[in-house]
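Contents: one structure, followed by commentary.
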Amino acid sequence: MKYSGNLGKMHVHHTDPITYDLEFGNQVLRITDAIGKRIRISYAGRINCVNCGKITKKAFGEGYCYPCFISAPSNSECVIRPELCEGHLGKGRDPEWELAKHVQPHVVYLALTSGVKVGVTRVDNIPSRWIDQGAWKVIILAETPYRRLAGEIEVFLKDFVTDKTNWQRMLKNEMDTEADLIAEKESLLNELPEELGQYYSENDKVFEFRYPVGQYPAKVTSLNLDKNPVVEGILGGLRGQYLLLASGEVMNIRKFSGYWVDFEVVE
């Protein structure tokens with residue numbers, strides 16, 4: 001069956017294992033059902049901006065045309081660096097957008113992808129944000145009323161734990177099975193200054209996720225539609241926002257948001 005349209009992030013469902021959907025306009029592909037089958041993704045050179053929809057020769061960020069890349073609130077610097085957010089002060093590229101997205105409850109969390117990392121997300125993005133990163137265990141460390149505070153906690157903790165995901169290790173399923181998230185959380189509380197420690201969360205629930213992957217590759221090779229406009233192979237699994245082919249090649253779907261493709265599942 002063939003699906004045609006602009007690529008975008010896969011929609012995730014917190015099932016066991018995780019279920020993935022890929023939308024093409026009004027068509028929805030339950031891509032989890034394609035695991036074990038041959039898929040073909042064909043890109044003909046058209047990119048539509050994910051913000052305004054206009055055709056762009058080159059995508060900036062995750063699918064923006066250049067004007068939207070420098071002006072869209074969804075691509076403002078505080079999306080990547082929450083410690084810079086000024087939405088709670090009524091500022092930002094679009095104060096109304098900031099009010100809806102950033103002047104909302106946020107959490108600081110510890111996630112296990114390969115090793116332990118710290119991150120920030122809005123409460124209503126739980127657990128999809130964690131699944132998008134390919135985490136297999138997560139614990140909430142702090143809860144804040146708006147984004148800036150969560151970002152300040154994250155920045156402070158970067159001296160003790162990374163804020164980066166090692167995507168290659170994650171896609172090879174190299175896991176630190178000895179890590180104790182509750183102990184890590186308690187240890188980091190001792191490092192927080194009083195003004196940030198007041199947001200420490202007493203919720204010690206550890207969230208766990210299992211991904212639909214038959215066999216993880218020993219070595220990963222990243223696919224790029226700009227260099228290889230036709231991707232074909234047996235779909236071996238899905239983790240984070242990555243397609244894992246049985247050959248060991250992987251493709252970050254979200255990276256190619258806005259790319260118009262034909263997506264075929266060969267029965």
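Please note that chains go A, B, ... in the order of the structure tokens, that every chain numbers its residues from 1, and that ligands are numbered from 1 in the order shown.
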Can you list, as a PDB file with N, CA and C atoms, in the first residue's frame, every protein, DNA or RNA residue that comes within 10 Å of Asp163 of chain A when you count only C-alpha atoms, leaving out same-chain residues fewer than 2 positions away?
```pdb
ATOM      1  N   LEU A 110      14.887  12.697  34.826  1.00  0.00           N
ATOM      2  CA  LEU A 110      16.074  11.894  34.541  1.00  0.00           C
ATOM      3  C   LEU A 110      15.630  10.726  33.672  1.00  0.00           C
ATOM      4  N   ALA A 111      16.316  10.529  32.558  1.00  0.00           N
ATOM      5  CA  ALA A 111      15.939   9.462  31.633  1.00  0.00           C
ATOM      6  C   ALA A 111      17.122   8.544  31.369  1.00  0.00           C
ATOM      7  N   VAL A 116      22.358   7.901  31.961  1.00  0.00           N
ATOM      8  CA  VAL A 116      21.398   8.827  32.565  1.00  0.00           C
ATOM      9  C   VAL A 116      21.555  10.218  31.962  1.00  0.00           C
ATOM     10  N   LYS A 117      20.453  10.857  31.602  1.00  0.00           N
ATOM     11  CA  LYS A 117      20.467  12.231  31.106  1.00  0.00           C
ATOM     12  C   LYS A 117      19.354  13.013  31.788  1.00  0.00           C
ATOM     13  N   VAL A 118      19.524  14.342  31.823  1.00  0.00           N
ATOM     14  CA  VAL A 118      18.520  15.227  32.391  1.00  0.00           C
ATOM     15  C   VAL A 118      17.807  15.948  31.253  1.00  0.00           C
ATOM     16  N   GLY A 119      16.516  16.219  31.430  1.00  0.00           N
ATOM     17  CA  GLY A 119      15.764  16.908  30.401  1.00  0.00           C
ATOM     18  C   GLY A 119      14.596  17.680  30.981  1.00  0.00           C
ATOM     19  N   VAL A 120      13.937  18.455  30.119  1.00  0.00           N
ATOM     20  CA  VAL A 120      12.801  19.291  30.501  1.00  0.00           C
ATOM     21  C   VAL A 120      11.667  19.055  29.514  1.00  0.00           C
ATOM     22  N   GLU A 154      17.685  22.453  35.058  1.00  0.00           N
ATOM     23  CA  GLU A 154      18.420  21.607  34.111  1.00  0.00           C
ATOM     24  C   GLU A 154      19.852  22.110  33.929  1.00  0.00           C
ATOM     25  N   VAL A 155      20.009  23.419  33.734  1.00  0.00           N
ATOM     26  CA  VAL A 155      21.344  23.990  33.540  1.00  0.00           C
ATOM     27  C   VAL A 155      22.223  23.718  34.756  1.00  0.00           C
ATOM     28  N   LEU A 157      22.036  21.259  36.816  1.00  0.00           N
ATOM     29  CA  LEU A 157      22.361  19.831  36.937  1.00  0.00           C
ATOM     30  C   LEU A 157      23.311  19.332  35.846  1.00  0.00           C
ATOM     31  N   LYS A 158      23.539  20.144  34.799  1.00  0.00           N
ATOM     32  CA  LYS A 158      24.432  19.720  33.737  1.00  0.00           C
ATOM     33  C   LYS A 158      25.866  19.506  34.217  1.00  0.00           C
ATOM     34  N   ASP A 159      26.200  20.082  35.365  1.00  0.00           N
ATOM     35  CA  ASP A 159      27.536  19.856  35.925  1.00  0.00           C
ATOM     36  C   ASP A 159      27.671  18.447  36.507  1.00  0.00           C
ATOM     37  N   PHE A 160      26.536  17.754  36.656  1.00  0.00           N
ATOM     38  CA  PHE A 160      26.550  16.442  37.317  1.00  0.00           C
ATOM     39  C   PHE A 160      26.055  15.315  36.418  1.00  0.00           C
ATOM     40  N   VAL A 161      25.257  15.656  35.407  1.00  0.00           N
ATOM     41  CA  VAL A 161      24.712  14.630  34.512  1.00  0.00           C
ATOM     42  C   VAL A 161      24.503  15.261  33.136  1.00  0.00           C
ATOM     43  N   THR A 165      21.443  12.925  24.464  1.00  0.00           N
ATOM     44  CA  THR A 165      21.162  11.515  24.208  1.00  0.00           C
ATOM     45  C   THR A 165      22.207  10.975  23.245  1.00  0.00           C
ATOM     46  N   ASN A 166      22.863   9.889  23.612  1.00  0.00           N
ATOM     47  CA  ASN A 166      23.784   9.225  22.689  1.00  0.00           C
ATOM     48  C   ASN A 166      22.932   8.328  21.786  1.00  0.00           C
TER      49      ASN A 166
END
```
Given only C-alpha atoms, how would the per-residue table for segment 108-140 of chain A near segment 210-234 of chain A read, listing every residue at most 10 Å away with its closest atom pair and distance in Å to one decimal, sorted by chain and number, as CSV?
```
residue,atom,partner,partner_atom,distance
A:Ile131,CA,A:Tyr211,CA,8.9
A:Gly134,CA,A:Tyr211,CA,8.2
A:Ala135,CA,A:Arg210,CA,9.0
A:Trp136,CA,A:Arg210,CA,6.5
A:Lys137,CA,A:Arg210,CA,9.2
```
Report summary line: Students should find that atom CA of Cys65 of chain A and atom CA of Gly92 of chain A are spaced 20.0 Å
Report task. Would you please extract all alpha helix (DSSP H) residues from segment 73-267 of chain A, as assigned by DSSP on the backbone, and give them as number ranges by chain? Result -> A: 77-80, 95-101, 128-132, 147-157, 167-171, 181-189, 194-197
Please save N, CA and C atoms of the selected residues as a CSV table (one decimal), in the first residue's frame.
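Output file out_34.csv is given in full below:
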```
chain,number,residue,atom,x,y,z
A,77,GLU,N,14.6,30.3,20.5
A,77,GLU,CA,15.7,29.7,21.1
A,77,GLU,C,15.4,29.0,22.4
A,78,CYS,N,14.3,29.5,23.1
A,78,CYS,CA,14.0,28.9,24.4
A,78,CYS,C,13.3,27.5,24.3
A,79,VAL,N,13.0,27.1,23.0
A,79,VAL,CA,12.5,25.7,22.8
A,79,VAL,C,13.7,24.8,23.1
A,80,ILE,N,14.9,25.1,22.7
A,80,ILE,CA,16.1,24.3,22.9
A,80,ILE,C,16.7,24.7,24.2
A,95,PRO,N,3.7,36.2,22.5
A,95,PRO,CA,3.4,36.1,23.9
A,95,PRO,C,2.2,35.1,24.2
A,96,GLU,N,1.2,35.1,23.2
A,96,GLU,CA,0.1,34.2,23.4
A,96,GLU,C,0.5,32.7,23.2
A,97,TRP,N,1.4,32.5,22.3
A,97,TRP,CA,1.9,31.1,22.1
A,97,TRP,C,2.7,30.7,23.3
A,98,GLU,N,3.5,31.6,23.8
A,98,GLU,CA,4.3,31.4,25.0
A,98,GLU,C,3.4,31.0,26.2
A,99,LEU,N,2.3,31.8,26.3
A,99,LEU,CA,1.3,31.5,27.4
A,99,LEU,C,0.8,30.1,27.3
A,100,ALA,N,0.4,29.7,26.1
A,100,ALA,CA,-0.2,28.4,25.9
A,100,ALA,C,0.8,27.3,26.1
A,101,LYS,N,2.1,27.5,25.7
A,101,LYS,CA,3.0,26.4,25.6
A,101,LYS,C,4.1,26.4,26.8
A,128,SER,N,5.0,11.2,25.9
A,128,SER,CA,5.4,11.2,24.5
A,128,SER,C,6.8,11.7,24.3
A,129,ARG,N,7.2,12.8,25.0
A,129,ARG,CA,8.5,13.4,24.9
A,129,ARG,C,9.6,12.3,25.2
A,130,TRP,N,9.3,11.6,26.3
A,130,TRP,CA,10.3,10.6,26.7
A,130,TRP,C,10.4,9.4,25.7
A,131,ILE,N,9.3,9.0,25.1
A,131,ILE,CA,9.3,8.0,24.1
A,131,ILE,C,10.0,8.5,22.8
A,132,ASP,N,9.8,9.8,22.4
A,132,ASP,CA,10.4,10.4,21.3
A,132,ASP,C,11.9,10.3,21.4
A,147,ARG,N,8.3,27.2,32.3
A,147,ARG,CA,9.4,26.6,31.6
A,147,ARG,C,10.7,27.2,32.1
A,148,ARG,N,10.8,28.5,32.4
A,148,ARG,CA,12.1,29.1,32.7
A,148,ARG,C,12.7,28.4,34.0
A,149,LEU,N,11.9,28.2,35.0
A,149,LEU,CA,12.4,27.5,36.2
A,149,LEU,C,13.0,26.1,35.9
A,150,ALA,N,12.2,25.4,35.1
A,150,ALA,CA,12.7,24.0,34.8
A,150,ALA,C,14.0,24.1,34.1
A,151,GLY,N,14.2,25.1,33.2
A,151,GLY,CA,15.4,25.3,32.4
A,151,GLY,C,16.6,25.6,33.4
A,152,GLU,N,16.3,26.4,34.4
A,152,GLU,CA,17.4,26.8,35.3
A,152,GLU,C,17.8,25.6,36.1
A,153,ILE,N,16.9,24.7,36.5
A,153,ILE,CA,17.3,23.5,37.2
A,153,ILE,C,18.1,22.6,36.3
A,154,GLU,N,17.7,22.5,35.1
A,154,GLU,CA,18.4,21.6,34.1
A,154,GLU,C,19.9,22.1,33.9
A,155,VAL,N,20.0,23.4,33.7
A,155,VAL,CA,21.3,24.0,33.5
A,155,VAL,C,22.2,23.7,34.8
A,156,PHE,N,21.7,23.9,35.9
A,156,PHE,CA,22.4,23.6,37.2
A,156,PHE,C,22.9,22.2,37.2
A,157,LEU,N,22.0,21.3,36.8
A,157,LEU,CA,22.4,19.8,36.9
A,157,LEU,C,23.3,19.3,35.8
A,167,TRP,N,22.5,8.9,20.6
A,167,TRP,CA,21.5,8.2,19.8
A,167,TRP,C,22.1,6.9,19.2
A,168,GLN,N,23.4,6.8,19.0
A,168,GLN,CA,23.9,5.6,18.4
A,168,GLN,C,23.9,4.5,19.4
A,169,ARG,N,24.3,4.8,20.7
A,169,ARG,CA,24.2,3.7,21.7
A,169,ARG,C,22.7,3.3,22.0
A,170,MET,N,21.8,4.3,21.9
A,170,MET,CA,20.4,4.0,22.2
A,170,MET,C,19.9,3.1,21.1
A,171,LEU,N,20.3,3.3,19.8
A,171,LEU,CA,19.8,2.5,18.7
A,171,LEU,C,20.4,1.1,18.7
A,181,LEU,N,17.7,5.1,39.1
A,181,LEU,CA,17.2,6.4,39.0
A,181,LEU,C,16.7,7.1,40.3
A,182,ILE,N,16.2,6.3,41.2
A,182,ILE,CA,15.8,6.9,42.5
A,182,ILE,C,17.0,7.4,43.2
A,183,ALA,N,18.0,6.6,43.2
A,183,ALA,CA,19.3,7.0,43.9
A,183,ALA,C,19.9,8.2,43.3
A,184,GLU,N,19.9,8.2,41.9
A,184,GLU,CA,20.4,9.3,41.2
A,184,GLU,C,19.7,10.6,41.5
A,185,LYS,N,18.4,10.5,41.6
A,185,LYS,CA,17.5,11.6,41.9
A,185,LYS,C,17.8,12.2,43.3
A,186,GLU,N,17.9,11.3,44.3
A,186,GLU,CA,18.2,11.7,45.6
A,186,GLU,C,19.5,12.3,45.8
A,187,SER,N,20.5,11.8,45.0
A,187,SER,CA,21.8,12.4,45.0
A,187,SER,C,21.9,13.8,44.5
A,188,LEU,N,21.1,14.0,43.4
A,188,LEU,CA,21.1,15.4,42.8
A,188,LEU,C,20.3,16.4,43.6
A,189,LEU,N,19.4,15.9,44.5
A,189,LEU,CA,18.7,16.9,45.4
A,189,LEU,C,19.7,17.6,46.3
A,194,GLU,N,18.9,26.0,47.5
A,194,GLU,CA,17.5,26.0,48.2
A,194,GLU,C,16.5,26.6,47.3
A,195,GLU,N,16.8,27.7,46.5
A,195,GLU,CA,15.8,28.3,45.7
A,195,GLU,C,15.3,27.4,44.6
A,196,LEU,N,16.1,26.4,44.1
A,196,LEU,CA,15.7,25.5,43.1
A,196,LEU,C,15.2,24.2,43.7
A,197,GLY,N,15.7,23.8,44.9
A,197,GLY,CA,15.4,22.6,45.6
A,197,GLY,C,13.9,22.6,46.0
```
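The shortest atom-to-atom distance to Tyr43 of chain A, with only C-alpha atoms taken into account, belongs to A:Leu7 out of A:Met251, A:Leu112, A:Cys85, A:Leu7.
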Query raised in the report: Which parts of segment 178-245 of chain A does DSSP call strand (DSSP E or B) when run on the backbone here, written out as a list in words?
Result: Tyr200, Val206, Phe207, Glu208, Val213, Thr221, Ser222, Val230, Val231, Glu232, Gly233, Ile234, Leu235, Gly236, Gly237, Leu238, Arg239, Tyr242, Leu243, Leu244 and Leu245 of chain A
Go ahead and dump the residues you just picked, C-alpha atoms, as a tab-separated table (two decimals), in the first residue's frame.
```tsv
chain	number	residue	atom	x	y	z
A	200	TYR	CA	11.94	18.85	43.95
A	206	VAL	CA	9.77	5.05	37.56
A	207	PHE	CA	8.20	4.96	34.09
A	208	GLU	CA	9.33	2.12	31.84
A	213	VAL	CA	12.33	-3.87	17.82
A	221	THR	CA	24.41	3.83	9.63
A	222	SER	CA	22.30	6.97	9.31
A	230	VAL	CA	15.05	6.34	-2.12
A	231	VAL	CA	15.23	4.32	1.08
A	232	GLU	CA	14.27	0.67	0.90
A	233	GLY	CA	14.60	-2.35	3.15
A	234	ILE	CA	12.98	-4.59	5.72
A	235	LEU	CA	11.66	-2.56	8.67
A	236	GLY	CA	13.26	-4.15	11.72
A	237	GLY	CA	11.83	-1.90	14.42
A	238	LEU	CA	11.05	1.54	15.78
A	239	ARG	CA	12.60	3.46	18.64
A	242	TYR	CA	13.88	6.36	14.24
A	243	LEU	CA	13.10	3.69	11.69
A	244	LEU	CA	15.48	0.75	12.12
A	245	LEU	CA	16.05	-1.33	9.02
```
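Coordinates place atom CA of Phe209 of chain A at a distance of 13.2 Å from atom CA of Ser114 of chain A.
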